[in-house]
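*Asks:* Structure below; questions to follow.
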Amino acid sequence: MTVAELLANAQDAILIAYQFSKQEASLEAQFLLQHLLNVNRAWLIAHESDSIEEQACSEFEALLKRRLNGEPIAYILGEREFYGLKLKVTPDTLIPRQDTETLVEAALAKIPTNQSSNILDLGTGTGAIALAIAKNRPKSHITAVDASKVALAVAQENAQNLNFQNTTFTFSNWFDALQNKTFDVIVSNPPYIEDQDPHLSQGDLRFEPTSALASGKDGLDDIRQIIQQAPAHLNTNGWLMLEHGYNQATAVAALLKKTGFIDIDHALDLAGIQRVTLGQIV
């Protein structure tokens with residue numbers, strides 16, 4: 001079987017399994033074969049008439065089967081791009097999503113480019129948010145914490161691979177290990193899905209760590225805790241920014257206001273949904 005034939009068959013199988021566009025299915029098939037052969041897309045195009053050895057075909061079919069069974073392609077490939085960074089991803093971490101780039105943009109808008117700021121990323125996972133900020137604000141220092149030691153190890157490895165020197169990683173359940181430390185900006189993409197939400201048993205979410213997804217009956221347990229404790233860890237005029245669900249902006253804003261935050265605002269994701277809510281403490 002040739003490269004072109006193998007990709008065409010995989011594309012058709014993915015189209016049947018998922019409600020993808022033809023382009024999306026084609027890209028996924030290419031990603032799987034590039035991963036297996038350790039080549040880039042240009043190589044696939046230049047060698048589309050080449051025959052693939054039987055052993056490689058079998059290994060590709062095994063990868064494809066994992067994808068058709070619903071396993072996220074990020075876990076199969078072991079990586080995901082986020083804000084221009086290639087990050088290692090494992091089943092111990094949440095898969096970085098494009099919506100979360102909204103939180104990075106909101107943070108960068110409040111962090112000066114020409115002076116040092118102390119930034120905190122709560123529940124860092126792969127380190128995606130912390131590392132995106134670290135790259136774009138090299139004069140700032142970013143502390144990233146997570147309550148999962150295995151997730152924290154992935155974040156540290158990503159920082160090492162990217163050779164970022166302005167990050168520190170700390171094992172902590174939210175603020176527990178931070179004692180009297182204070183920051184200019186605190187960002188977090190905490191768990192915010194309702195415990196009984198049926199989406200937890202569907203799609204990619206079936207494979208991701210529930211502890212990084214669900215948070216109580218209304219999905220706001222962790223957000224409440226973060227908002228309550230954040231003022232003690234923010235410098236004067238510091239900002240707290242939280243990613244949340246599509247229908248939680250009003251509730252999060254009310255929690256911020258009740259806790260004493262001012263200048264409460266929202267940031268929209270690419271779909272125009274209020275994805276991030278932020279407030280300032282004085």
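Ligands are numbered from 1 in the order shown, residues from 1 within each chain, and chains are lettered A, B, ... in the order they appear in the structure tokens.
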Would you tabulate, counting only C-alpha atoms, all residues of range 147-187 of chain A that have an atom at most 7 Å from an atom of range 80-97 of chain A, showing the closest pair of atoms and their distance in Å to one decimal, sorted by chain then ascending number, as a Markdown table?

*Replies:*
| residue | atom | partner | partner_atom | distance |
| --- | --- | --- | --- | --- |
| A:Val150 | CA | A:Asp92 | CA | 6.6 |
| A:Ala151 | CA | A:Thr93 | CA | 5.5 |
| A:Val154 | CA | A:Lys88 | CA | 6.9 |
| A:Asn158 | CA | A:Leu87 | CA | 5.9 |

*Asks:* Residues at most 10 Å from range 52-58 of chain A, counting only C-alpha atoms, excluding those fewer than 5 positions away in the same chain, as a list in words?

*Replies:*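 Final neighbour list, sorted by chain and number: Met1, Thr2, Val3, Ala4, Glu5, Leu6, Leu33, Leu36, Leu37, Leu63 and Leu64 of chain A.
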
*Asks:* Write out as number ranges by chain which residues come within 9 Å of Gln274 in chain A when counting only C-alpha atoms, dropping same-chain ones fewer than 6 positions away.

*Replies:* A: 244-249, 266-268

*Asks:* CA of Gly127 in chain A to CA of Leu152 in chain A: how many Å, to one decimal?

*Replies:*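 Computed distance, CA of Gly127 in chain A to CA of Leu152 in chain A, equals 7.8 Å.
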
*Asks:* Mind the document's chain letters and residue numbers, and return as a PDB file with N, CA and C atoms, in the first residue's frame the residues of range 131-192 of chain A that DSSP labels helix (DSSP H, G or I).

*Replies:*
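In the end it all went to selection-v3.pdb:
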ATOM      1  N   LEU A 131       3.835  28.846  30.342  1.00  0.00           N
ATOM      2  CA  LEU A 131       4.915  28.906  29.362  1.00  0.00           C
ATOM      3  C   LEU A 131       4.616  29.888  28.237  1.00  0.00           C
ATOM      4  N   ALA A 132       3.344  30.011  27.865  1.00  0.00           N
ATOM      5  CA  ALA A 132       2.976  31.007  26.850  1.00  0.00           C
ATOM      6  C   ALA A 132       3.252  32.417  27.372  1.00  0.00           C
ATOM      7  N   ILE A 133       2.939  32.643  28.656  1.00  0.00           N
ATOM      8  CA  ILE A 133       3.231  33.950  29.254  1.00  0.00           C
ATOM      9  C   ILE A 133       4.739  34.150  29.381  1.00  0.00           C
ATOM     10  N   ALA A 134       5.446  33.111  29.802  1.00  0.00           N
ATOM     11  CA  ALA A 134       6.899  33.199  29.972  1.00  0.00           C
ATOM     12  C   ALA A 134       7.590  33.579  28.670  1.00  0.00           C
ATOM     13  N   LYS A 135       7.118  33.023  27.572  1.00  0.00           N
ATOM     14  CA  LYS A 135       7.732  33.324  26.275  1.00  0.00           C
ATOM     15  C   LYS A 135       7.500  34.783  25.878  1.00  0.00           C
ATOM     16  N   ASN A 136       6.285  35.265  26.118  1.00  0.00           N
ATOM     17  CA  ASN A 136       5.908  36.584  25.644  1.00  0.00           C
ATOM     18  C   ASN A 136       6.202  37.716  26.626  1.00  0.00           C
ATOM     19  N   LYS A 149       1.503  15.666  41.056  1.00  0.00           N
ATOM     20  CA  LYS A 149       2.949  15.600  40.851  1.00  0.00           C
ATOM     21  C   LYS A 149       3.295  15.137  39.441  1.00  0.00           C
ATOM     22  N   VAL A 150       2.502  14.232  38.883  1.00  0.00           N
ATOM     23  CA  VAL A 150       2.807  13.735  37.538  1.00  0.00           C
ATOM     24  C   VAL A 150       2.547  14.823  36.494  1.00  0.00           C
ATOM     25  N   ALA A 151       1.493  15.613  36.684  1.00  0.00           N
ATOM     26  CA  ALA A 151       1.237  16.719  35.766  1.00  0.00           C
ATOM     27  C   ALA A 151       2.342  17.768  35.879  1.00  0.00           C
ATOM     28  N   LEU A 152       2.766  18.043  37.103  1.00  0.00           N
ATOM     29  CA  LEU A 152       3.815  19.031  37.324  1.00  0.00           C
ATOM     30  C   LEU A 152       5.119  18.602  36.654  1.00  0.00           C
ATOM     31  N   ALA A 153       5.390  17.316  36.659  1.00  0.00           N
ATOM     32  CA  ALA A 153       6.599  16.807  35.999  1.00  0.00           C
ATOM     33  C   ALA A 153       6.532  17.041  34.491  1.00  0.00           C
ATOM     34  N   VAL A 154       5.338  16.900  33.912  1.00  0.00           N
ATOM     35  CA  VAL A 154       5.165  17.165  32.488  1.00  0.00           C
ATOM     36  C   VAL A 154       5.418  18.646  32.197  1.00  0.00           C
ATOM     37  N   ALA A 155       4.877  19.530  33.048  1.00  0.00           N
ATOM     38  CA  ALA A 155       5.079  20.969  32.872  1.00  0.00           C
ATOM     39  C   ALA A 155       6.561  21.327  32.965  1.00  0.00           C
ATOM     40  N   GLN A 156       7.256  20.744  33.929  1.00  0.00           N
ATOM     41  CA  GLN A 156       8.687  21.016  34.077  1.00  0.00           C
ATOM     42  C   GLN A 156       9.472  20.547  32.863  1.00  0.00           C
ATOM     43  N   GLU A 157       9.104  19.397  32.331  1.00  0.00           N
ATOM     44  CA  GLU A 157       9.778  18.879  31.135  1.00  0.00           C
ATOM     45  C   GLU A 157       9.542  19.806  29.945  1.00  0.00           C
ATOM     46  N   ASN A 158       8.313  20.310  29.826  1.00  0.00           N
ATOM     47  CA  ASN A 158       8.032  21.253  28.734  1.00  0.00           C
ATOM     48  C   ASN A 158       8.864  22.517  28.860  1.00  0.00           C
ATOM     49  N   ALA A 159       9.011  23.024  30.083  1.00  0.00           N
ATOM     50  CA  ALA A 159       9.824  24.223  30.302  1.00  0.00           C
ATOM     51  C   ALA A 159      11.282  23.959  29.936  1.00  0.00           C
ATOM     52  N   GLN A 160      11.781  22.787  30.298  1.00  0.00           N
ATOM     53  CA  GLN A 160      13.166  22.434  29.982  1.00  0.00           C
ATOM     54  C   GLN A 160      13.365  22.298  28.477  1.00  0.00           C
ATOM     55  N   ASN A 161      12.399  21.658  27.817  1.00  0.00           N
ATOM     56  CA  ASN A 161      12.505  21.481  26.367  1.00  0.00           C
ATOM     57  C   ASN A 161      12.510  22.821  25.636  1.00  0.00           C
ATOM     58  N   LEU A 162      11.783  23.792  26.188  1.00  0.00           N
ATOM     59  CA  LEU A 162      11.697  25.115  25.569  1.00  0.00           C
ATOM     60  C   LEU A 162      12.806  26.054  26.055  1.00  0.00           C
TER      61      LEU A 162
END

*Asks:* For each of A:Leu44, A:Leu32, A:Leu255, A:Ala13, take the minimum atom-to-atom distance to Tyr75 in chain A, counting only C-alpha atoms, then give the residue where this is smallest.

*Replies:*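 Answer, going by the shortest atom-to-atom distance: A:Leu32.
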
*Asks:* From the DSSP assignment of the backbone, select every residue of range 42-181 of chain A that is strand (DSSP E), and format the answer as a JSON list (two decimals) with N, CA and C atoms, in the first residue's frame.

*Replies:*
[["chain", "number", "residue", "atom", "x", "y", "z"],
["A", 79, "GLU", "N", 1.66, 15.07, 22.10],
["A", 79, "GLU", "CA", 1.98, 16.49, 22.04],
["A", 79, "GLU", "C", 0.80, 17.29, 21.53],
["A", 80, "ARG", "N", 0.82, 18.58, 21.79],
["A", 80, "ARG", "CA", -0.21, 19.51, 21.29],
["A", 80, "ARG", "C", 0.42, 20.90, 21.18],
["A", 81, "GLU", "N", 0.08, 21.61, 20.13],
["A", 81, "GLU", "CA", 0.56, 22.98, 19.98],
["A", 81, "GLU", "C", -0.38, 23.93, 20.71],
["A", 82, "PHE", "N", 0.20, 24.89, 21.42],
["A", 82, "PHE", "CA", -0.58, 25.87, 22.15],
["A", 82, "PHE", "C", 0.14, 27.21, 22.09],
["A", 85, "LEU", "N", 3.58, 27.12, 20.85],
["A", 85, "LEU", "CA", 4.52, 26.25, 21.55],
["A", 85, "LEU", "C", 4.13, 24.79, 21.36],
["A", 86, "LYS", "N", 5.10, 23.94, 21.10],
["A", 86, "LYS", "CA", 4.85, 22.50, 21.03],
["A", 86, "LYS", "C", 5.06, 21.92, 22.43],
["A", 87, "LEU", "N", 3.99, 21.35, 22.99],
["A", 87, "LEU", "CA", 4.02, 20.89, 24.37],
["A", 87, "LEU", "C", 3.79, 19.39, 24.46],
["A", 88, "LYS", "N", 4.53, 18.75, 25.35],
["A", 88, "LYS", "CA", 4.28, 17.35, 25.66],
["A", 88, "LYS", "C", 2.95, 17.25, 26.40],
["A", 118, "ASN", "N", 5.47, 39.55, 38.77],
["A", 118, "ASN", "CA", 5.34, 38.20, 39.32],
["A", 118, "ASN", "C", 3.97, 37.65, 38.95],
["A", 119, "ILE", "N", 3.98, 36.52, 38.27],
["A", 119, "ILE", "CA", 2.75, 35.93, 37.76],
["A", 119, "ILE", "C", 2.57, 34.54, 38.39],
["A", 120, "LEU", "N", 1.33, 34.19, 38.69],
["A", 120, "LEU", "CA", 1.02, 32.87, 39.23],
["A", 120, "LEU", "C", 0.03, 32.17, 38.33],
["A", 121, "ASP", "N", 0.34, 30.93, 37.98],
["A", 121, "ASP", "CA", -0.58, 30.08, 37.21],
["A", 121, "ASP", "C", -1.02, 28.93, 38.11],
["A", 122, "LEU", "N", -2.30, 28.91, 38.45],
["A", 122, "LEU", "CA", -2.85, 27.89, 39.35],
["A", 122, "LEU", "C", -3.40, 26.71, 38.56],
["A", 141, "HIS", "N", 8.49, 36.84, 35.96],
["A", 141, "HIS", "CA", 8.72, 35.51, 36.49],
["A", 141, "HIS", "C", 7.37, 34.84, 36.75],
["A", 142, "ILE", "N", 7.25, 33.62, 36.28],
["A", 142, "ILE", "CA", 5.98, 32.90, 36.39],
["A", 142, "ILE", "C", 6.14, 31.72, 37.34],
["A", 143, "THR", "N", 5.32, 31.67, 38.37],
["A", 143, "THR", "CA", 5.24, 30.53, 39.26],
["A", 143, "THR", "C", 4.04, 29.69, 38.85],
["A", 144, "ALA", "N", 4.27, 28.42, 38.61],
["A", 144, "ALA", "CA", 3.19, 27.53, 38.19],
["A", 144, "ALA", "C", 3.02, 26.42, 39.22],
["A", 145, "VAL", "N", 1.79, 26.20, 39.66],
["A", 145, "VAL", "CA", 1.54, 25.18, 40.67],
["A", 145, "VAL", "C", 0.52, 24.16, 40.16],
["A", 146, "ASP", "N", 0.61, 22.97, 40.71],
["A", 146, "ASP", "CA", -0.38, 21.94, 40.42],
["A", 146, "ASP", "C", -0.42, 20.96, 41.59],
["A", 167, "THR", "N", 10.62, 30.56, 34.87],
["A", 167, "THR", "CA", 9.50, 29.82, 35.43],
["A", 167, "THR", "C", 9.94, 29.00, 36.65],
["A", 168, "THR", "N", 9.04, 28.87, 37.61],
["A", 168, "THR", "CA", 9.24, 28.03, 38.78],
["A", 168, "THR", "C", 8.03, 27.14, 38.94],
["A", 169, "PHE", "N", 8.25, 25.88, 39.24],
["A", 169, "PHE", "CA", 7.13, 24.94, 39.38],
["A", 169, "PHE", "C", 7.06, 24.43, 40.81],
["A", 170, "THR", "N", 5.86, 24.48, 41.38],
["A", 170, "THR", "CA", 5.67, 24.15, 42.79],
["A", 170, "THR", "C", 4.50, 23.19, 42.96],
["A", 171, "PHE", "N", 4.69, 22.15, 43.73],
["A", 171, "PHE", "CA", 3.62, 21.22, 44.06],
["A", 171, "PHE", "C", 2.72, 21.86, 45.12]]

*Asks:* Between CA of Ala230 in chain A and CA of Phe164 in chain A, what is the distance, to one decimal in Å?

*Replies:*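 Atom-to-atom, CA of Ala230 in chain A and CA of Phe164 in chain A are spaced 26.1 Å apart.
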
*Asks:* So that I can see what lies close to Ile111 in chain A, please list as a PyMOL selection string the residues with an atom at most 8 Å from it, counting only C-alpha atoms and leaving out residues fewer than 6 positions away in the same chain.

*Replies:* chain A and resi 117+137+185

*Asks:* Between CA of Thr182 in chain A and CA of Asp218 in chain A, measure the distance and give it in Å to one decimal.

*Replies:*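 Between CA of Thr182 in chain A and CA of Asp218 in chain A the gap works out to 29.1 Å.
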
*Asks:* Point out the residue among A:Thr259, A:Ala109, A:Ile73, A:Ala42 with the least atom-to-atom distance to Glu24 in chain A, counting only C-alpha atoms.

*Replies:*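 For Glu24 in chain A, the nearest of the candidates is A:Ile73.
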
*Asks:* Considering only C-alpha atoms, return as a ChimeraX atom specification whatever protein or nucleic-acid residues lie within 12 Å of Ile227 in chain A, sequence-local ones (same chain, fewer than 6 positions apart) excluded.

*Replies:* /A:122,174-175,186-188,190,220-221,233-234,239-242,251-261,277-281

*Asks:* If you keep N, CA and C atoms, can you produce a file of those selected residues as a compact mmCIF listing (two decimals), in the first residue's frame?

*Replies:*
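Contents of again21.txt, freshly written:
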# COMPACT_ATOMS: atom_id res chain seq x y z
N LEU A 122 -2.30 28.91 38.45
CA LEU A 122 -2.85 27.89 39.35
C LEU A 122 -3.40 26.71 38.56
N TRP A 174 -3.78 24.56 44.94
CA TRP A 174 -4.04 25.98 44.84
C TRP A 174 -2.98 26.78 45.62
N PHE A 175 -3.36 27.55 46.66
CA PHE A 175 -2.41 28.43 47.33
C PHE A 175 -1.70 27.78 48.53
N ILE A 186 -2.71 36.75 38.76
CA ILE A 186 -2.97 35.32 38.99
C ILE A 186 -3.90 34.85 37.89
N VAL A 187 -3.50 33.78 37.21
CA VAL A 187 -4.34 33.20 36.15
C VAL A 187 -4.64 31.75 36.51
N SER A 188 -5.78 31.27 36.03
CA SER A 188 -6.11 29.87 36.27
C SER A 188 -7.17 29.38 35.29
N PRO A 190 -9.17 26.48 36.00
CA PRO A 190 -9.46 25.43 36.98
C PRO A 190 -10.55 24.49 36.47
N LEU A 220 -18.49 25.15 40.23
CA LEU A 220 -17.81 26.36 40.69
C LEU A 220 -17.06 26.20 42.01
N ASP A 221 -16.97 24.99 42.53
CA ASP A 221 -16.33 24.80 43.85
C ASP A 221 -14.90 25.34 43.87
N HIS A 233 -3.06 36.93 48.18
CA HIS A 233 -1.87 36.63 47.38
C HIS A 233 -1.70 37.58 46.20
N LEU A 234 -2.45 38.67 46.21
CA LEU A 234 -2.32 39.67 45.14
C LEU A 234 -1.72 40.96 45.67
N TRP A 239 -4.36 41.58 39.51
CA TRP A 239 -5.49 41.03 38.75
C TRP A 239 -5.63 39.52 38.97
N LEU A 240 -6.88 39.06 39.05
CA LEU A 240 -7.20 37.64 39.04
C LEU A 240 -7.99 37.37 37.77
N MET A 241 -7.58 36.33 37.02
CA MET A 241 -8.24 35.99 35.75
C MET A 241 -8.55 34.51 35.73
N LEU A 242 -9.82 34.19 35.44
CA LEU A 242 -10.27 32.80 35.50
C LEU A 242 -10.96 32.39 34.21
N ALA A 251 -22.05 34.29 37.08
CA ALA A 251 -21.82 33.76 38.43
C ALA A 251 -20.42 34.08 38.91
N VAL A 252 -19.42 33.95 38.05
CA VAL A 252 -18.04 34.23 38.44
C VAL A 252 -17.87 35.72 38.73
N ALA A 253 -18.46 36.56 37.92
CA ALA A 253 -18.38 38.00 38.16
C ALA A 253 -19.01 38.37 39.50
N ALA A 254 -20.12 37.72 39.85
CA ALA A 254 -20.77 37.99 41.12
C ALA A 254 -19.90 37.57 42.29
N LEU A 255 -19.20 36.45 42.15
CA LEU A 255 -18.29 35.99 43.20
C LEU A 255 -17.13 36.96 43.38
N LEU A 256 -16.60 37.46 42.28
CA LEU A 256 -15.50 38.43 42.35
C LEU A 256 -15.97 39.72 43.05
N LYS A 257 -17.13 40.20 42.66
CA LYS A 257 -17.66 41.43 43.26
C LYS A 257 -17.89 41.27 44.75
N LYS A 258 -18.45 40.12 45.14
CA LYS A 258 -18.74 39.84 46.55
C LYS A 258 -17.46 39.81 47.37
N THR A 259 -16.35 39.41 46.77
CA THR A 259 -15.07 39.28 47.46
C THR A 259 -14.29 40.59 47.48
N GLY A 260 -14.77 41.60 46.78
CA GLY A 260 -14.12 42.91 46.83
C GLY A 260 -13.35 43.30 45.59
N PHE A 261 -13.43 42.50 44.54
CA PHE A 261 -12.75 42.85 43.29
C PHE A 261 -13.51 43.98 42.58
N THR A 277 -13.22 35.61 32.95
CA THR A 277 -13.68 36.74 33.76
C THR A 277 -12.52 37.18 34.64
N LEU A 278 -12.31 38.50 34.75
CA LEU A 278 -11.19 39.04 35.48
C LEU A 278 -11.62 40.20 36.37
N GLY A 279 -10.87 40.38 37.44
CA GLY A 279 -11.14 41.49 38.36
C GLY A 279 -9.87 41.94 39.02
N GLN A 280 -9.89 43.16 39.52
CA GLN A 280 -8.70 43.76 40.14
C GLN A 280 -8.96 44.00 41.63
N ILE A 281 -7.90 43.81 42.42
CA ILE A 281 -7.97 44.07 43.85
C ILE A 281 -7.17 45.32 44.16

*Asks:* Return the single residue from A:Thr236, A:Gln98, A:Ala107, A:Ala8 that is closest to Gln23 in chain A, with distances computed using only C-alpha atoms.

*Replies:*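 Comparing A:Thr236, A:Gln98, A:Ala107, A:Ala8 against Gln23 in chain A, the winner is A:Ala8.
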
*Asks:* Could you check which of A:Gln179, A:Trp43, A:Ile129, A:Gln196 is closest to Thr102 in chain A, using only C-alpha atoms?

*Replies:*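 Selected residue with least distance to Thr102 in chain A: A:Ile129.
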
*Asks:* Please determine, counting only C-alpha atoms, which residue among A:Ser148, A:Asn189, A:Asp265, A:Ser140 has the shortest atom-to-atom distance to Asn114 in chain A.

*Replies:*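 The answer is A:Ser140, which sits nearest to Asn114 in chain A.
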
*Asks:* For Ile262 in chain A, which of A:Ala29, A:Pro231, A:Arg66, A:Ala10 is the closest residue, counting only C-alpha atoms?

*Replies:*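 Comparing A:Ala29, A:Pro231, A:Arg66, A:Ala10 against Ile262 in chain A, the winner is A:Pro231.
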